[in-house]
file data-v2.txt (compact mmCIF, C-alpha atoms)
# COMPACT_ATOMS: atom_id res chain seq x y z
CA LEU A 1 -240.75 -4.02 -76.01
CA THR A 2 -237.66 -1.81 -76.12
CA LEU A 3 -234.39 -3.38 -77.25
CA THR A 4 -231.12 -1.70 -76.28
CA LEU A 5 -228.07 -2.52 -78.34
CA THR A 6 -224.42 -1.79 -77.56
CA LEU A 7 -222.62 -1.20 -80.85
CA THR A 8 -219.09 -1.99 -81.94
CA VAL A 9 -217.02 1.21 -82.01
CA THR A 10 -214.55 1.71 -84.85
CA LYS A 11 -210.95 2.74 -84.30
CA GLY A 12 -211.88 6.27 -85.20
CA GLY A 13 -214.20 6.42 -82.19
CA ARG A 14 -217.41 6.68 -84.22
CA TRP A 15 -220.23 4.16 -83.94
CA SER A 16 -220.79 1.90 -86.90
CA GLU A 17 -224.17 2.12 -88.66
CA ARG A 18 -223.24 -1.02 -90.58
CA ARG A 19 -222.85 -2.96 -87.33
CA TYR A 20 -226.16 -1.57 -86.05
CA ASN A 21 -227.95 -2.82 -89.17
CA GLU A 22 -226.23 -6.20 -88.89
CA ILE A 23 -227.59 -6.64 -85.37
CA LYS A 24 -231.09 -5.66 -86.46
CA ALA A 25 -230.93 -8.08 -89.38
CA ALA A 26 -229.78 -10.92 -87.09
CA LEU A 27 -232.20 -10.35 -84.21
CA GLY A 28 -235.26 -9.22 -86.17
CA PRO A 29 -236.23 -12.67 -87.52
CA PHE A 30 -235.63 -14.25 -84.08
CA LEU A 31 -237.99 -11.77 -82.40
CA LYS A 32 -240.61 -12.27 -85.09
CA GLN A 33 -240.35 -16.03 -84.66
CA THR A 34 -241.01 -15.71 -80.93
CA GLY A 35 -244.17 -13.67 -81.52
CA TRP A 36 -243.09 -10.02 -81.47
CA LYS A 37 -244.51 -7.72 -84.12
CA PRO A 38 -242.05 -5.28 -85.76
CA LYS A 39 -244.24 -2.30 -84.78
CA ASP A 40 -243.87 -3.23 -81.11
CA VAL A 41 -240.05 -3.22 -81.16
CA THR A 42 -237.93 -0.09 -80.72
CA TRP A 43 -234.28 -0.29 -81.77
CA MET A 44 -231.68 2.07 -80.40
CA PRO A 45 -227.90 2.14 -79.95
CA ILE A 46 -226.62 2.80 -76.43
CA SER A 47 -223.43 2.35 -74.44
CA GLY A 48 -223.63 1.52 -70.76
CA LEU A 49 -219.83 1.83 -70.50
CA LEU A 50 -219.80 5.38 -71.87
CA GLY A 51 -223.26 6.34 -70.61
CA GLU A 52 -224.21 7.43 -74.12
CA GLY A 53 -227.85 7.21 -75.17
CA LEU A 54 -229.15 6.40 -71.70
CA LEU A 55 -230.37 9.68 -70.19
CA LYS A 56 -229.60 12.00 -73.09
CA LYS A 57 -229.41 11.57 -76.83
CA ILE A 58 -226.13 10.30 -78.23
CA SER A 59 -223.52 12.91 -79.06
CA PRO A 60 -223.36 13.53 -82.84
CA ARG A 61 -219.56 13.29 -82.68
CA LEU A 62 -219.99 9.58 -81.84
CA CYS A 63 -223.11 8.74 -83.82
CA ASP A 64 -224.40 11.23 -86.36
CA TRP A 65 -226.69 8.75 -88.16
CA TYR A 66 -229.06 7.95 -85.25
CA LYS A 67 -231.76 10.61 -84.71
CA GLY A 68 -234.03 8.71 -82.33
CA PRO A 69 -234.66 9.12 -78.58
CA SER A 70 -232.49 8.12 -75.64
CA LEU A 71 -233.44 5.05 -73.62
CA LEU A 72 -235.03 7.17 -70.87
CA GLU A 73 -236.99 9.21 -73.41
CA ALA A 74 -238.26 6.03 -75.06
CA LEU A 75 -239.32 4.55 -71.71
CA ASP A 76 -241.06 7.78 -70.69
CA ALA A 77 -243.00 7.73 -73.96
CA LEU A 78 -244.46 4.28 -73.29
CA ALA A 79 -248.13 4.50 -72.38
CA LEU A 80 -249.34 2.37 -69.47
CA PRO A 81 -252.30 0.31 -70.76
CA ARG A 82 -255.55 1.33 -69.13
CA GLU A 83 -256.50 -2.29 -68.65
CA SER A 84 -253.40 -2.81 -66.51
CA ILE A 85 -254.45 -0.05 -64.11
CA ASP A 86 -258.12 -1.00 -63.98
CA GLY A 87 -257.53 -4.75 -64.02
CA PRO A 88 -257.39 -7.15 -61.08
CA VAL A 89 -254.34 -7.13 -58.84
CA LEU A 90 -251.69 -9.60 -59.95
CA MET A 91 -248.13 -9.80 -58.62
CA PRO A 92 -245.87 -12.84 -59.09
CA ILE A 93 -243.57 -13.05 -56.07
CA THR A 94 -239.81 -13.16 -56.55
CA GLU A 95 -238.88 -13.49 -52.88
CA SER A 96 -240.30 -13.19 -49.39
CA TYR A 97 -238.79 -12.52 -45.98
CA ARG A 98 -239.86 -11.67 -42.46
CA GLU A 99 -239.46 -8.34 -40.72
CA ARG A 100 -242.19 -7.14 -38.39
CA ASP A 101 -244.61 -8.54 -40.98
CA ILE A 102 -244.11 -10.91 -43.89
CA MET A 103 -242.63 -8.98 -46.84
CA LEU A 104 -243.56 -9.95 -50.41
CA VAL A 105 -241.27 -8.75 -53.21
CA GLY A 106 -242.26 -8.61 -56.88
CA LYS A 107 -243.39 -6.50 -59.81
CA LEU A 108 -247.03 -5.47 -59.87
CA GLU A 109 -248.33 -6.61 -63.26
CA SER A 110 -251.86 -5.20 -63.04
CA GLY A 111 -254.22 -3.43 -60.67
CA THR A 112 -253.48 -0.93 -57.92
CA VAL A 113 -252.53 -1.75 -54.33
CA LYS A 114 -253.06 0.33 -51.17
CA PRO A 115 -252.46 -0.34 -47.46
CA GLY A 116 -255.50 -2.01 -45.91
CA ASP A 117 -256.39 -3.97 -49.07
CA LYS A 118 -257.01 -7.71 -48.74
CA TYR A 119 -255.73 -10.29 -51.22
CA LYS A 120 -254.75 -13.95 -51.32
CA VAL A 121 -251.44 -15.67 -51.97
CA VAL A 122 -251.48 -18.73 -54.23
CA PRO A 123 -250.55 -21.57 -53.65
CA GLY A 124 -252.18 -21.86 -50.28
CA GLY A 125 -254.98 -19.35 -50.72
CA LYS A 126 -254.10 -17.50 -47.50
CA THR A 127 -255.97 -14.19 -47.12
CA VAL A 128 -253.53 -11.38 -46.33
CA THR A 129 -253.92 -7.72 -45.45
CA VAL A 130 -251.52 -5.12 -46.83
CA THR A 131 -249.84 -3.20 -44.01
CA SER A 132 -247.13 -1.33 -45.94
CA LEU A 133 -245.97 -0.49 -49.46
CA ALA A 134 -242.48 0.51 -50.58
CA ALA A 135 -240.59 0.90 -53.85
CA GLY A 136 -237.01 2.02 -54.36
CA GLY A 137 -236.53 2.54 -50.63
CA GLY A 138 -239.48 4.94 -50.26
CA ASP A 139 -242.93 4.31 -48.81
CA LEU A 140 -245.98 4.51 -51.07
CA GLU A 141 -249.63 5.31 -50.46
CA GLU A 142 -250.64 3.53 -53.66
CA ALA A 143 -248.79 1.25 -56.10
CA LEU A 144 -249.39 1.17 -59.86
CA PRO A 145 -248.64 -1.53 -62.45
CA GLY A 146 -244.99 -1.86 -63.44
CA GLU A 147 -243.58 -0.94 -60.04
CA SER A 148 -241.20 -3.29 -58.23
CA LEU A 149 -242.61 -3.47 -54.73
CA GLN A 150 -241.95 -4.61 -51.21
CA ILE A 151 -245.38 -5.29 -49.71
CA GLY A 152 -245.80 -5.92 -45.99
CA VAL A 153 -248.70 -8.25 -45.17
CA THR A 154 -250.30 -9.95 -42.20
CA GLY A 155 -252.23 -13.22 -42.27
CA MET A 156 -249.39 -15.53 -43.29
CA ASP A 157 -247.52 -17.83 -40.90
CA ALA A 158 -244.50 -18.33 -43.16
CA GLU A 159 -242.75 -16.68 -46.09
CA ALA A 160 -244.07 -17.28 -49.63
CA HIS A 161 -241.93 -19.12 -52.14
CA SER A 162 -240.66 -17.63 -55.38
CA GLY A 163 -243.31 -18.32 -58.02
CA ALA A 164 -246.26 -17.72 -55.71
CA VAL A 165 -248.76 -15.07 -56.82
CA LEU A 166 -250.54 -12.27 -54.96
CA CYS A 167 -254.02 -11.79 -56.44
CA GLU A 168 -257.63 -10.81 -55.78
CA LEU A 169 -259.62 -12.86 -53.27
CA ASN A 170 -262.06 -13.98 -55.98
CA ALA A 171 -259.43 -14.63 -58.66
CA ASP A 172 -259.60 -18.01 -60.40
CA VAL A 173 -255.87 -18.61 -59.94
CA LYS A 174 -254.76 -22.06 -58.79
CA PRO A 175 -251.64 -24.24 -58.83
CA VAL A 176 -251.41 -26.85 -61.58
CA VAL A 177 -249.13 -29.78 -62.34
CA LYS A 178 -250.01 -30.37 -66.01
CA LEU A 179 -250.70 -28.11 -68.95
CA GLU A 180 -250.99 -28.07 -72.73
CA ALA A 181 -249.03 -25.39 -74.57
CA GLN A 182 -247.96 -24.14 -77.94
CA LEU A 183 -244.16 -24.25 -78.31
CA VAL A 184 -241.84 -22.52 -80.75
CA VAL A 185 -238.61 -24.51 -80.76
CA LEU A 186 -235.69 -22.07 -80.98
CA ASP A 187 -232.47 -23.87 -80.21
CA ALA A 188 -232.79 -27.56 -79.40
CA LYS A 189 -229.46 -29.39 -79.25
CA HIS A 190 -231.35 -32.65 -79.73
CA VAL A 191 -234.81 -33.39 -81.07
CA ILE A 192 -237.64 -33.11 -78.55
CA THR A 193 -239.51 -36.37 -78.01
CA PRO A 194 -241.91 -37.58 -75.28
CA GLY A 195 -239.87 -37.79 -72.08
CA TYR A 196 -237.75 -34.72 -72.89
CA THR A 197 -236.91 -32.76 -69.72
CA ALA A 198 -236.02 -29.09 -69.28
CA MET A 199 -236.33 -26.24 -66.81
CA MET A 200 -239.52 -24.20 -67.16
CA HIS A 201 -239.28 -20.45 -66.45
CA ILE A 202 -242.79 -19.04 -66.03
CA HIS A 203 -243.22 -15.58 -64.47
CA THR A 204 -241.06 -15.85 -61.31
CA ALA A 205 -241.16 -19.65 -61.02
CA GLU A 206 -238.43 -22.07 -62.15
CA VAL A 207 -239.38 -25.75 -62.09
CA PRO A 208 -238.20 -28.92 -63.85
CA CYS A 209 -240.74 -30.24 -66.33
CA THR A 210 -241.21 -33.09 -68.80
CA VAL A 211 -242.71 -32.98 -72.28
CA TYR A 212 -244.79 -36.16 -72.10
CA LYS A 213 -246.80 -35.86 -75.33
CA LEU A 214 -246.52 -34.01 -78.65
CA THR A 215 -250.09 -33.43 -79.83
CA ALA A 216 -249.62 -31.57 -83.14
CA GLU A 217 -247.18 -29.91 -85.51
CA LEU A 218 -248.40 -26.48 -86.65
CA ASN A 219 -247.84 -24.57 -89.86
CA ARG A 220 -245.29 -21.88 -88.98
CA LYS A 221 -247.09 -19.19 -90.98
CA THR A 222 -250.79 -19.95 -90.46
CA GLY A 223 -250.74 -21.74 -87.11
CA GLU A 224 -253.02 -24.45 -88.50
CA VAL A 225 -252.47 -28.12 -87.67
CA ALA A 226 -250.11 -29.68 -90.23
CA LYS A 227 -249.68 -33.08 -88.59
CA ARG A 228 -251.22 -34.89 -85.64
CA HIS A 229 -249.02 -36.50 -82.98
CA PRO A 230 -245.56 -35.91 -84.50
CA ALA A 231 -242.81 -38.23 -83.34
CA PHE A 232 -240.46 -35.37 -82.53
CA ALA A 233 -239.93 -31.59 -82.64
CA ARG A 234 -236.74 -29.89 -83.75
CA THR A 235 -235.37 -26.36 -84.05
CA GLY A 236 -237.64 -24.16 -86.16
CA MET A 237 -240.81 -26.17 -85.58
CA ARG A 238 -244.02 -24.95 -83.93
CA VAL A 239 -245.91 -27.64 -82.02
CA THR A 240 -248.51 -28.19 -79.35
CA ALA A 241 -247.45 -30.39 -76.46
CA LYS A 242 -248.48 -31.59 -73.03
CA LEU A 243 -246.10 -30.91 -70.14
CA ARG A 244 -245.90 -32.18 -66.59
CA MET A 245 -244.14 -30.19 -63.87
CA ASN A 246 -242.19 -31.77 -61.00
CA GLN A 247 -244.01 -29.50 -58.56
CA PRO A 248 -247.14 -27.32 -58.75
CA ILE A 249 -246.90 -23.94 -60.46
CA VAL A 250 -249.34 -21.07 -60.84
CA ALA A 251 -250.33 -20.87 -64.49
CA LYS A 252 -253.30 -19.79 -66.61
CA PRO A 253 -254.12 -19.98 -70.32
CA PHE A 254 -252.39 -17.14 -72.17
CA LYS A 255 -255.73 -15.86 -73.50
CA ASP A 256 -257.01 -15.45 -69.93
CA ILE A 257 -253.98 -14.00 -68.10
CA ALA A 258 -251.01 -13.39 -70.39
CA LYS A 259 -248.57 -12.81 -67.51
CA LEU A 260 -249.25 -16.30 -66.15
CA GLY A 261 -249.47 -17.97 -69.54
CA ARG A 262 -246.09 -17.53 -71.25
CA PHE A 263 -242.89 -19.34 -70.44
CA MET A 264 -239.47 -20.50 -71.62
CA LEU A 265 -237.91 -23.93 -71.62
CA ARG A 266 -234.16 -23.88 -70.92
CA SER A 267 -231.51 -26.58 -70.79
CA GLU A 268 -227.71 -26.57 -70.71
CA GLY A 269 -227.55 -22.77 -70.70
CA ARG A 270 -229.69 -22.26 -73.80
CA THR A 271 -233.31 -21.32 -74.44
CA ILE A 272 -234.78 -24.40 -76.07
CA ALA A 273 -238.28 -23.06 -76.71
CA VAL A 274 -240.77 -20.35 -75.84
CA GLY A 275 -244.36 -21.25 -75.17
CA THR A 276 -247.86 -20.08 -74.35
CA VAL A 277 -250.31 -22.03 -72.22
CA ILE A 278 -253.39 -23.26 -74.07
CA ARG A 279 -255.09 -24.98 -71.14
CA THR A 280 -254.22 -26.26 -67.70
CA ALA A 281 -255.09 -29.67 -66.36
CA LYS A 282 -255.18 -31.60 -63.12
CA ILE A 283 -255.51 -28.71 -60.70
CA LEU A 284 -253.90 -29.62 -57.41
CA GLU A 285 -256.82 -30.80 -55.29
CA GLY A 286 -257.26 -29.10 -51.96
CA SER A 287 -255.43 -25.93 -53.12
CA LYS A 288 -257.09 -22.57 -53.55
call {"tool": "encode", "arguments": {"input": "data-v2.txt", "output": "structure tokens"}}
result
Amino acid sequence: LTLTLTLTVTKGGRWSERRYNEIKAALGPFLKQTGWKPKDVTWMPISGLLGEGLLKKISPRLCDWYKGPSLLEALDALALPRESIDGPVLMPITESYRERDIMLVGKLESGTVKPGDKYKVVPGGKTVTVTSLAAGGGDLEEALPGESLQIGVTGMDAEAHSGAVLCELNADVKPVVKLEAQLVVLDAKHVITPGYTAMMHIHTAEVPCTVYKLTAELNRKTGEVAKRHPAFARTGMRVTAKLRMNQPIVAKPFKDIAKLGRFMLRSEGRTIAVGTVIRTAKILEGSK
């Protein structure tokens, strides 16, 4: 994960190292609480307004205390995991529209895609054939993980909905309406009790959901069960809970497919909790 921070500029025009350290001190514990390890976080000051630190390193006349890379240099230095390239094709769909063929839009999370390949779209399980690939306005002969794509396909009668997933024909990916998850409660205005409702954001899907059972309170440091069936969960607590969605979503346990197993719960403009799927339940019968 790369974090980009816009710093407060002093009246003298120079960037404040004190402000930079204040931001790190404020955000660091939050990131750690949500599961990020310090070694996986890169901190850097940038300014989108001035264009400083984006393509080239920051001018010393503005910031003589930062010696690290620019944003582009940091992104170029990131290594693409081998397992992402060699893994099965997985692309959550953000939108779909019809041209000559049905176009699927999304970011390829793993695998490689080429024209002529066959995949399925879940929910529905329709087998589709890739007819075209494009990214950034240009056609591609092959797509790699991390690219935002427009994929033309045949085999579908109608456009796919946001939250659908393009995957391998033999992939064990199905829509579900219930799941059990581990939640880290970040900013709950009220305590969370059975019946609590929020909006779930999981990959490209956004669906209303209900927390219908709290199964355990966990020790924040060890992750071990501290209490069975707590009456409520509040800010700062880590719990396991069962959730029911108002409509089917594509989800998998985090340990099986991380991209389909992490989510946020949001309500009233704030992120209430972040979660990882432990197990899914009640697969929608008749769906593939």
call {"tool": "atom_distance", "arguments": {"input": "data-v2.txt", "atom1": "atom CA of A:Lys107", "atom2": "atom CA of A:Pro92"}}
result
6.8 Å
call {"tool": "atom_distance", "arguments": {"input": "data-v2.txt", "atom1": "atom CA of A:Arg244", "atom2": "atom CA of A:Ile192"}}
result
14.6 Å
call {"tool": "closest_residue", "arguments": {"input": "data-v2.txt", "among": "A:Pro60, A:Pro88, A:Lys120, A:Thr235", "to": "A:Leu186", "atoms": "only C-alpha atoms"}}
result
A:Thr235
call {"tool": "closest_residue", "arguments": {"input": "data-v2.txt", "among": "A:Glu159, A:Glu52, A:Glu142, A:Glu168", "to": "A:Thr127", "atoms": "all atoms listed in the file"}}
result
A:Glu168
call {"tool": "closest_residue", "arguments": {"input": "data-v2.txt", "among": "A:Asn170, A:Tyr97, A:Trp15, A:His161", "to": "A:Ile58", "atoms": "all atoms listed in the file"}}
result
A:Trp15
call {"tool": "residues_around", "arguments": {"input": "data-v2.txt", "residues": "A:Leu72", "least_positions_apart": "5", "cutoff": "9 Å", "atoms": "all atoms listed in the file", "output": "VMD selection string"}}
result
chain A and resid 53 to 56 77
call {"tool": "closest_residue", "arguments": {"input": "data-v2.txt", "among": "A:Leu218, A:Val274, A:Lys255, A:Val184", "to": "A:Arg234", "atoms": "all atoms listed in the file"}}
result
A:Val184
call {"tool": "residues_around", "arguments": {"input": "data-v2.txt", "residues": "A:Gly35", "least_positions_apart": "4", "cutoff": "12 Å", "atoms": "all atoms listed in the file", "output": "list in words"}}
result
Leu1, Gly28, Pro29, Phe30, Leu31, Lys39, Asp40, Val41, Gln182, Leu183, Val184, Leu186, Arg220, Lys221, Gly223, Arg238, Arg262, Val274, Gly275 and Thr276 of chain A
call {"tool": "closest_residue", "arguments": {"input": "data-v2.txt", "among": "A:Thr204, A:Thr94, A:Thr197, A:Thr129", "to": "A:Leu149", "atoms": "only C-alpha atoms"}}
result
A:Thr94
call {"tool": "atom_distance", "arguments": {"input": "data-v2.txt", "atom1": "atom CA of A:Asp117", "atom2": "atom CA of A:Val153"}}
result
9.6 Å
call {"tool": "residues_around", "arguments": {"input": "data-v2.txt", "residues": "A:Ala74", "least_positions_apart": "4", "cutoff": "10 Å", "atoms": "only C-alpha atoms", "output": "VMD selection string"}}
result
chain A and resid 2 42 44 54 to 55 68 to 70 78
call {"tool": "write_last_selection", "arguments": {"input": "data-v2.txt", "atoms": "C-alpha atoms", "output": "mmCIF file, in the frame of the given file"}}
result
data_model
loop_
_atom_site.group_PDB
_atom_site.id
_atom_site.type_symbol
_atom_site.label_atom_id
_atom_site.label_comp_id
_atom_site.auth_asym_id
_atom_site.auth_seq_id
_atom_site.Cartn_x
_atom_site.Cartn_y
_atom_site.Cartn_z
ATOM 1 C CA THR A 2 -237.660 -1.810 -76.120
ATOM 2 C CA THR A 42 -237.930 -0.090 -80.720
ATOM 3 C CA MET A 44 -231.680 2.070 -80.400
ATOM 4 C CA LEU A 54 -229.150 6.400 -71.700
ATOM 5 C CA LEU A 55 -230.370 9.680 -70.190
ATOM 6 C CA GLY A 68 -234.030 8.710 -82.330
ATOM 7 C CA PRO A 69 -234.660 9.120 -78.580
ATOM 8 C CA SER A 70 -232.490 8.120 -75.640
ATOM 9 C CA LEU A 78 -244.460 4.280 -73.290
#
call {"tool": "closest_residue", "arguments": {"input": "data-v2.txt", "among": "A:Ser96, A:Thr271, A:Thr210, A:Thr131", "to": "A:Ala160", "atoms": "only C-alpha atoms"}}
result
A:Ser96
call {"tool": "residues_around", "arguments": {"input": "data-v2.txt", "residues": "A:Gly269", "least_positions_apart": "5", "cutoff": "12 Å", "atoms": "only C-alpha atoms", "output": "ChimeraX atom specification"}}
result
/A:187-189,198-199
call {"tool": "residues_around", "arguments": {"input": "data-v2.txt", "residues": "A:Ile278", "least_positions_apart": "5", "cutoff": "10 Å", "atoms": "all atoms listed in the file", "output": "compact mmCIF listing (two decimals) with C-alpha atoms, keeping the file's coordinate frame"}}
result
# COMPACT_ATOMS: atom_id res chain seq x y z
CA LEU A 179 -250.70 -28.11 -68.95
CA GLU A 180 -250.99 -28.07 -72.73
CA ALA A 181 -249.03 -25.39 -74.57
CA GLN A 182 -247.96 -24.14 -77.94
CA THR A 240 -248.51 -28.19 -79.35
CA ALA A 241 -247.45 -30.39 -76.46
CA LYS A 242 -248.48 -31.59 -73.03
CA LYS A 252 -253.30 -19.79 -66.61
CA PRO A 253 -254.12 -19.98 -70.32
CA PHE A 254 -252.39 -17.14 -72.17
CA LYS A 255 -255.73 -15.86 -73.50
CA ASP A 256 -257.01 -15.45 -69.93
CA GLY A 261 -249.47 -17.97 -69.54
CA ARG A 262 -246.09 -17.53 -71.25
